[in-house]
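Source file: protein28.csv (CSV, C-alpha atoms and all ligand atoms)
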chain,number,residue,atom,x,y,z
A,1,MET,CA,2.4,2.7,22.2
A,2,ALA,CA,0.4,5.8,21.1
A,3,LYS,CA,-1.6,5.8,17.9
A,4,THR,CA,0.5,7.0,14.9
A,5,THR,CA,-0.8,10.2,13.3
A,6,ILE,CA,0.2,12.1,10.1
A,7,GLN,CA,2.0,14.6,12.3
A,8,ASP,CA,4.3,11.8,13.3
A,9,PHE,CA,5.2,11.3,9.7
A,10,LEU,CA,6.3,14.9,9.5
A,11,LYS,CA,8.1,14.7,12.8
A,12,LYS,CA,10.0,11.6,11.8
A,13,LYS,CA,11.2,13.3,8.6
A,14,SER,CA,12.4,16.4,10.5
A,15,GLU,CA,14.2,14.1,13.0
A,16,GLY,CA,15.7,12.0,10.3
A,17,ARG,CA,13.9,8.8,11.5
A,18,LYS,CA,12.6,6.4,8.9
A,19,ILE,CA,8.9,5.8,8.4
A,20,THR,CA,7.8,2.2,8.0
A,21,MET,CA,4.8,1.2,5.9
A,22,LEU,CA,3.4,-2.1,4.6
A,23,THR,CA,0.1,-3.1,3.0
A,24,ALA,CA,-2.5,-5.4,4.6
A,25,TYR,CA,-5.9,-6.3,3.4
A,26,ASP,CA,-7.6,-8.3,6.2
A,27,TYR,CA,-7.9,-8.6,10.0
A,28,PRO,CA,-5.3,-11.3,10.9
A,29,PHE,CA,-2.5,-9.8,8.8
A,30,ALA,CA,-3.3,-6.2,9.8
A,31,GLN,CA,-3.1,-7.4,13.5
A,32,ILE,CA,0.4,-8.9,12.8
A,33,VAL,CA,1.7,-5.8,10.9
A,34,ASP,CA,0.4,-3.5,13.7
A,35,GLU,CA,1.9,-5.7,16.5
A,36,ALA,CA,5.2,-5.5,14.6
A,37,GLY,CA,5.2,-1.7,15.2
A,38,ILE,CA,4.9,-0.6,11.5
A,39,ASP,CA,3.9,3.1,11.4
A,40,ALA,CA,1.3,2.9,8.5
A,41,ILE,CA,-0.8,0.2,6.9
A,42,LEU,CA,-1.8,0.8,3.3
A,43,VAL,CA,-4.9,-1.0,2.2
A,44,GLY,CA,-3.6,-1.0,-1.3
A,45,ASP,CA,-5.5,-1.7,-4.5
A,46,SER,CA,-2.7,-4.2,-5.0
A,47,LEU,CA,-5.2,-6.5,-3.2
A,48,GLY,CA,-6.7,-7.0,-6.7
A,49,MET,CA,-3.5,-8.9,-7.6
A,50,VAL,CA,-2.4,-10.5,-4.4
A,51,VAL,CA,-5.8,-11.3,-2.9
A,52,GLN,CA,-8.3,-11.4,-5.7
A,53,GLY,CA,-5.9,-13.0,-8.3
A,54,LEU,CA,-6.5,-10.4,-11.0
A,55,ASP,CA,-3.9,-9.5,-13.7
A,56,ASN,CA,-3.8,-5.8,-12.7
A,57,THR,CA,-5.5,-3.4,-10.2
A,58,LEU,CA,-8.0,-1.8,-12.6
A,59,PRO,CA,-11.1,-3.8,-11.8
A,60,VAL,CA,-10.9,-3.2,-8.1
A,61,THR,CA,-14.0,-1.3,-6.9
A,62,MET,CA,-14.7,1.3,-4.1
A,63,ASP,CA,-17.0,-1.1,-2.3
A,64,GLU,CA,-14.2,-3.8,-2.3
A,65,MET,CA,-11.7,-1.3,-0.9
A,66,ILE,CA,-14.2,-0.2,1.8
A,67,TYR,CA,-14.8,-3.9,2.7
A,68,HIS,CA,-11.1,-4.6,3.1
A,69,THR,CA,-10.3,-1.3,4.9
A,70,LYS,CA,-13.0,-2.0,7.5
A,71,MET,CA,-11.3,-5.4,8.3
A,72,VAL,CA,-7.9,-3.7,8.6
A,73,SER,CA,-9.2,-0.8,10.8
A,74,ARG,CA,-10.9,-3.3,13.1
A,75,ALA,CA,-7.5,-5.0,13.8
A,76,VAL,CA,-5.3,-2.0,14.2
A,77,LYS,CA,-4.4,-0.3,17.5
A,78,ASN,CA,-1.4,1.9,16.6
A,79,ALA,CA,-0.6,2.2,12.9
A,80,ILE,CA,-2.2,4.8,10.8
A,81,VAL,CA,-4.6,3.2,8.2
A,82,ILE,CA,-4.5,4.6,4.7
A,83,GLY,CA,-7.1,3.6,2.1
A,84,ASP,CA,-6.1,3.4,-1.5
A,85,MET,CA,-8.4,5.1,-4.1
A,86,PRO,CA,-9.1,2.5,-6.8
A,87,PHE,CA,-9.1,3.2,-10.5
A,88,MET,CA,-12.0,5.6,-11.6
A,89,SER,CA,-12.9,6.5,-8.1
A,90,TYR,CA,-11.3,10.0,-8.4
A,91,GLN,CA,-10.3,10.6,-12.0
A,92,ALA,CA,-13.7,11.6,-13.5
A,93,SER,CA,-14.6,14.5,-11.2
A,94,ILE,CA,-13.6,16.4,-8.1
A,95,GLU,CA,-16.9,15.6,-6.6
A,96,ASP,CA,-16.4,11.8,-7.1
A,97,ALA,CA,-13.0,12.1,-5.6
A,98,VAL,CA,-14.1,13.9,-2.4
A,99,ARG,CA,-17.1,11.7,-1.9
A,100,ASN,CA,-15.2,8.4,-2.4
A,101,ALA,CA,-12.2,9.6,-0.4
A,102,GLY,CA,-14.6,10.6,2.4
A,103,ARG,CA,-16.0,7.0,2.5
A,104,PHE,CA,-12.7,5.7,3.7
A,105,LEU,CA,-12.8,7.9,6.7
A,106,LYS,CA,-16.5,7.8,7.3
A,107,GLU,CA,-17.3,4.1,6.7
A,108,ALA,CA,-14.1,2.3,6.9
A,109,GLY,CA,-12.1,3.8,9.8
A,110,ALA,CA,-9.1,5.0,7.7
A,111,SER,CA,-7.3,8.2,8.7
A,112,ALA,CA,-6.0,9.1,5.3
A,113,ILE,CA,-6.2,8.1,1.6
A,114,LYS,CA,-3.7,7.5,-1.2
A,115,LEU,CA,-4.2,8.3,-4.8
A,116,GLU,CA,-2.1,7.8,-7.9
A,117,GLY,CA,-1.0,10.7,-10.2
A,118,GLY,CA,0.8,14.0,-10.2
A,119,ALA,CA,-0.3,17.4,-11.6
A,120,GLU,CA,-3.4,15.9,-13.2
A,121,VAL,CA,-4.9,15.1,-9.7
A,122,ALA,CA,-3.7,18.3,-7.9
A,123,GLU,CA,-7.2,19.7,-7.9
A,124,GLN,CA,-8.5,16.5,-6.3
A,125,ILE,CA,-5.8,16.6,-3.6
A,126,ARG,CA,-6.7,20.3,-2.9
A,127,ALA,CA,-10.4,19.5,-2.6
A,128,MET,CA,-9.8,16.5,-0.4
A,129,THR,CA,-7.4,18.4,1.8
A,130,ARG,CA,-10.0,21.2,2.1
A,131,SER,CA,-12.5,18.6,3.2
A,132,GLU,CA,-10.2,17.4,6.0
A,133,ILE,CA,-9.1,14.2,4.2
A,134,PRO,CA,-5.3,13.7,4.5
A,135,VAL,CA,-3.9,12.7,1.2
A,136,MET,CA,-0.8,10.7,0.3
A,137,ALA,CA,0.0,11.0,-3.4
A,138,HIS,CA,1.8,8.4,-5.6
A,139,ILE,CA,4.0,9.1,-8.6
A,140,GLY,CA,6.6,7.3,-10.7
A,141,LEU,CA,5.3,3.8,-11.6
A,142,THR,CA,1.6,4.2,-11.1
A,143,PRO,CA,0.0,0.7,-11.7
A,144,GLN,CA,-3.4,2.2,-12.6
A,145,ALA,CA,-1.6,3.7,-15.7
A,146,ILE,CA,-0.3,0.3,-16.8
A,147,HIS,CA,-1.9,0.7,-20.3
A,148,ARG,CA,-0.3,4.1,-20.9
A,149,MET,CA,3.1,3.0,-19.5
A,150,GLY,CA,3.0,-0.2,-21.5
A,151,GLY,CA,3.8,-2.4,-18.4
A,152,TYR,CA,5.3,-2.1,-15.0
A,153,LYS,CA,8.4,-0.2,-15.9
A,154,VAL,CA,10.9,2.0,-14.1
A,155,GLN,CA,10.0,5.7,-14.6
A,156,GLY,CA,12.0,9.0,-14.6
A,157,LYS,CA,15.0,7.5,-16.4
A,158,THR,CA,15.6,10.3,-18.9
A,159,GLU,CA,16.6,13.8,-17.8
A,160,GLU,CA,13.4,15.2,-19.1
A,161,ALA,CA,11.2,12.6,-17.3
A,162,ALA,CA,13.2,13.1,-14.1
A,163,LYS,CA,12.7,16.9,-14.3
A,164,ARG,CA,8.9,16.3,-14.8
A,165,LEU,CA,8.7,14.0,-11.8
A,166,LEU,CA,10.5,16.6,-9.6
A,167,GLU,CA,8.0,19.3,-10.8
A,168,GLU,CA,5.1,17.0,-10.1
A,169,ALA,CA,6.4,16.3,-6.6
A,170,HIS,CA,6.4,20.1,-5.9
A,171,ILE,CA,2.9,20.5,-7.4
A,172,ILE,CA,1.6,17.7,-5.1
A,173,GLU,CA,3.2,19.2,-2.0
A,174,ASP,CA,1.7,22.6,-2.9
A,175,ALA,CA,-1.7,21.0,-3.3
A,176,GLY,CA,-1.6,19.9,0.3
A,177,ALA,CA,-0.6,16.2,0.3
A,178,PHE,CA,0.9,15.1,3.6
A,179,ALA,CA,3.3,12.5,2.0
A,180,LEU,CA,4.4,11.3,-1.4
A,181,LEU,CA,4.9,7.7,-2.4
A,182,LEU,CA,7.6,7.2,-5.0
A,183,GLU,CA,7.5,3.9,-7.0
A,184,ALA,CA,10.2,2.5,-9.2
A,185,ILE,CA,12.3,5.5,-10.0
A,186,PRO,CA,16.1,5.9,-10.0
A,187,MET,CA,17.4,6.3,-6.4
A,188,LYS,CA,19.3,9.5,-7.3
A,189,LEU,CA,16.0,11.1,-8.4
A,190,ALA,CA,14.2,9.9,-5.3
A,191,HIS,CA,17.0,11.4,-3.2
A,192,LYS,CA,16.7,14.7,-4.9
A,193,ILE,CA,12.9,14.8,-4.4
A,194,THR,CA,13.3,13.8,-0.8
A,195,GLU,CA,15.8,16.6,-0.2
A,196,GLU,CA,13.7,19.2,-1.9
A,197,LEU,CA,10.3,18.4,-0.3
A,198,LEU,CA,9.1,19.3,3.2
A,199,ILE,CA,6.6,16.4,3.2
A,200,PRO,CA,8.0,12.9,3.7
A,201,THR,CA,8.6,10.6,0.7
A,202,ILE,CA,7.8,6.9,1.0
A,203,GLY,CA,9.7,4.7,-1.5
A,204,ILE,CA,9.0,1.4,-3.1
A,205,GLY,CA,11.7,0.6,-5.6
A,206,ALA,CA,13.1,4.2,-5.1
A,207,GLY,CA,16.3,3.4,-3.2
A,208,PRO,CA,17.4,4.0,0.4
A,209,HIS,CA,17.2,7.8,0.6
A,210,CYS,CA,13.5,8.2,0.9
A,211,ASP,CA,12.0,9.2,4.3
A,212,GLY,CA,10.3,5.9,4.6
A,213,GLN,CA,9.7,2.6,2.8
A,214,VAL,CA,6.7,0.5,1.8
A,215,LEU,CA,6.3,-3.0,0.4
A,216,VAL,CA,3.4,-5.2,-0.5
A,217,LEU,CA,2.9,-7.6,2.5
A,218,HIS,CA,2.4,-10.7,0.4
A,219,ASP,CA,5.8,-10.1,-1.3
A,220,VAL,CA,7.5,-9.6,2.1
A,221,ILE,CA,6.2,-12.9,3.5
A,222,GLY,CA,6.4,-15.0,0.4
A,223,MET,CA,2.7,-15.3,-0.4
A,224,PHE,CA,2.8,-13.9,-4.0
A,225,GLU,CA,4.8,-15.7,-6.6
A,226,ARG,CA,3.4,-14.6,-10.0
A,227,PHE,CA,6.2,-12.1,-10.3
A,228,VAL,CA,8.7,-10.7,-7.9
A,229,PRO,CA,10.0,-7.2,-8.8
A,230,LYS,CA,13.7,-6.4,-8.4
A,231,PHE,CA,12.9,-4.0,-5.4
A,232,VAL,CA,11.2,-6.7,-3.3
A,233,LYS,CA,13.0,-8.4,-0.5
A,234,ARG,CA,11.4,-11.6,0.7
A,235,TYR,CA,11.8,-11.9,4.5
A,236,ALA,CA,9.9,-15.2,4.9
A,237,ASN,CA,8.3,-18.0,2.8
A,238,LEU,CA,4.9,-18.5,4.3
A,239,LYS,CA,3.5,-20.2,1.3
A,240,ASP,CA,5.9,-23.1,1.8
A,241,GLU,CA,5.1,-23.2,5.5
A,242,ALA,CA,1.4,-23.3,4.8
A,243,LEU,CA,1.8,-25.9,2.1
A,244,LYS,CA,3.8,-28.2,4.5
A,245,ALA,CA,1.1,-27.9,7.2
A,246,ILE,CA,-1.8,-28.5,4.8
A,247,ARG,CA,-0.1,-31.5,3.2
A,248,THR,CA,0.6,-33.0,6.6
A,249,TYR,CA,-3.0,-32.5,7.6
A,250,ARG,CA,-4.2,-34.2,4.4
A,251,GLU,CA,-1.9,-37.2,4.9
A,252,GLU,CA,-2.9,-37.6,8.6
A,253,VAL,CA,-6.6,-37.6,7.7
A,254,GLU,CA,-6.0,-40.1,4.9
A,255,LYS,CA,-4.1,-42.4,7.2
A,256,GLY,CA,-6.7,-42.1,10.0
A,257,GLU,CA,-4.1,-40.4,12.3
A,258,PHE,CA,-6.2,-37.2,12.7
A,259,PRO,CA,-8.2,-36.7,14.8
A,260,SER,CA,-6.6,-38.8,17.6
A,261,GLU,CA,-8.0,-39.2,21.1
A,262,GLU,CA,-6.5,-35.9,22.0
A,263,GLN,CA,-8.8,-34.0,19.6
A,264,SER,CA,-11.8,-36.2,20.4
A,265,PHE,CA,-14.5,-36.0,23.2
A,266,LYS,CA,-15.1,-38.7,25.7
B,301,LIG,O1,-1.6,-0.7,-4.0
B,301,LIG,C1,-0.5,-0.8,-3.4
B,301,LIG,O2,-0.3,-1.7,-2.6
B,301,LIG,C2,0.5,0.2,-3.7
B,301,LIG,C3,1.9,-0.1,-3.5
B,301,LIG,C4,2.8,0.7,-4.3
B,301,LIG,C5,2.4,0.0,-2.1
B,301,LIG,O3,0.2,1.3,-4.1
In structure tokens, what does this structure look like?
Amino acid sequence: MAKTTIQDFLKKKSEGRKITMLTAYDYPFAQIVDEAGIDAILVGDSLGMVVQGLDNTLPVTMDEMIYHTKMVSRAVKNAIVIGDMPFMSYQASIEDAVRNAGRFLKEAGASAIKLEGGAEVAEQIRAMTRSEIPVMAHIGLTPQAIHRMGGYKVQGKTEEAAKRLLEEAHIIEDAGAFALLLEAIPMKLAHKITEELLIPTIGIGAGPHCDGQVLVLHDVIGMFERFVPKFVKRYANLKDEALKAIRTYREEVEKGEFPSEEQSFK
């Protein structure tokens, strides 16, 4: 299988084929996601919640993102690796934004970056694109804006908010983003944005009409239980499997059944 590129994203949209994307944060899971034939792996700042056990994504740092992205890049043969810009790595200045985005490509082996925000980050998108850094933008529910939004709430529900999101989508496309992630917005609005834009849309909680879909890996495989959003579909329950295996190991050690002769040297 050939390495996926951002041109493949555009080709898939033009051919009406769906784009598949999942998060991953380390070598073993990135290897599995890649082997499954997923088009793109997002090293999301959601790792703050599902790997680091934080309440939200705000404390995640650039160095942590680089550390995780390196592990993912090392594992991946075919998928495109996208590094997620953490809170305050791109908001304060254009220079910060370009330098930090560049680190994902230069140090961590990513082929593109993702950032949250609409019109307010259009200049950052323009500057990164000019610096040959492909950008995926992210609007709707943007977890780094949790305090402004007052929680993880569906966005774009009123006519005015929907109109604004549609405008932001066009601003982002004009700024040069190669794709747009739509999170937790009504499916009719996501459909309209998808129809109007030339670049592909990737939905999470945005209904079936987006050009592609993304989910957080730990939600998909049942490794994150603190809360399960309505838009998540759990395809496996690895936590229960792991728990069963570890409990059995504990019991066997306690009973003196492990190790047996089979696991011992003569
Ligand atoms: O950080 C993340 O994992 C995300 C999700 C919306 C996919 O941005």
(message) When you look at stretch 14-23 of chain A with a cut-off of 7 Å (counting only C-alpha atoms), what residues show up, excluding the ones that are within fewer than 2 positions of it in the same chain? I need them as a PyMOL selection string.
(response) chain A and resi 9-12+25+38-44+211-217
(request) Enter the distance from atom CA of A:Lys239 to atom CA of A:Thr69, in Å, rounded to one decimal. (result) 23.7 Å
Find the smallest box with edges along x, y and z containing every listed atom of ligand LIG 301 (chain B), then add 5 Å on each side and report centre and edge lengths in Å to one decimal, as JSON.
{"center_x": 0.6, "center_y": -0.2, "center_z": -3.2, "size_x": 14.4, "size_y": 13.0, "size_z": 12.2}
(request) Using all atoms listed in the file, find all polymer residues with an atom at most 10 Å away from the point (-12.9, 9.0, 4.0); report them as number ranges by chain. (result) A: 66, 82-83, 98-113, 128, 131-134
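You can rank A:Pro186, A:Ile221, A:Val154, A:Val228 by their closest distance to A:Pro208 using all atoms listed in the file, and at the top of that list sits A:Pro186.
Coordinates place atom CA of A:Asp45 at a distance of 12.7 Å from atom CA of A:Asp26.
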(request) Counting all atoms listed in the file, select every polymer residue within 12 Å of (14.3, -14.4, -0.7) as defined in the file's coordinates, and provide the selection as a ChimeraX atom specification. (result) /A:219-225,228-238
Those selected residues, please, written with C-alpha atoms and delivered as a short mmCIF file (atom, residue, chain, number, x, y, z; two decimals), in the coordinates of the input.
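Once written, selection.cif looks like this:
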data_model
loop_
_atom_site.label_atom_id
_atom_site.label_comp_id
_atom_site.auth_asym_id
_atom_site.auth_seq_id
_atom_site.Cartn_x
_atom_site.Cartn_y
_atom_site.Cartn_z
CA ASP A 219 5.80 -10.10 -1.30
CA VAL A 220 7.50 -9.60 2.10
CA ILE A 221 6.20 -12.90 3.50
CA GLY A 222 6.40 -15.00 0.40
CA MET A 223 2.70 -15.30 -0.40
CA PHE A 224 2.80 -13.90 -4.00
CA GLU A 225 4.80 -15.70 -6.60
CA VAL A 228 8.70 -10.70 -7.90
CA PRO A 229 10.00 -7.20 -8.80
CA LYS A 230 13.70 -6.40 -8.40
CA PHE A 231 12.90 -4.00 -5.40
CA VAL A 232 11.20 -6.70 -3.30
CA LYS A 233 13.00 -8.40 -0.50
CA ARG A 234 11.40 -11.60 0.70
CA TYR A 235 11.80 -11.90 4.50
CA ALA A 236 9.90 -15.20 4.90
CA ASN A 237 8.30 -18.00 2.80
CA LEU A 238 4.90 -18.50 4.30
#
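Here atom CA of A:Ile185 stands at a distance of 8.2 Å from atom CA of A:Gly207.
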(message) Taking all atoms listed in the file into account, name the residue in A:Met85, A:Leu197, A:Ala179, A:Ala184 that is nearest to A:Leu166.
(response) A:Leu197
(request) Between A:Gly205, A:Pro200, A:Gly118, A:Gly156, single out the one closest to ligand LIG 301 (chain B), counting all atoms listed in the file. (result) A:Gly205
(request) Could you check which of A:Leu141, A:Met62, A:Ala169, A:Gly203 is closest to A:Lys157, using all atoms listed in the file? (result) A:Leu141
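Every protein, DNA or RNA residue with an atom at most 12 Å from stretch 143-150 of chain A, where all atoms listed in the file count and chain neighbours fewer than 5 positions away do not, is listed here: A:Gly44, A:Asp45, A:Ser46, A:Gly48, A:Met49, A:Asp55, A:Asn56, A:Thr57, A:Leu58, A:Pro59, A:Val60, A:Asp84, A:Met85, A:Pro86, A:Phe87, A:Met88, A:Ser89, A:Tyr90, A:Gln91, A:Leu115, A:Glu116, A:Gly117, A:Gly118, A:His138, A:Gln155, A:Gly156, A:Glu183, A:Ala184.
In this comparison, which uses only C-alpha atoms and all ligand atoms, the residue of A:Met65, A:Leu47, A:Ala206, A:Ile199 approaching ligand LIG 301 (chain B) most closely is A:Leu47.
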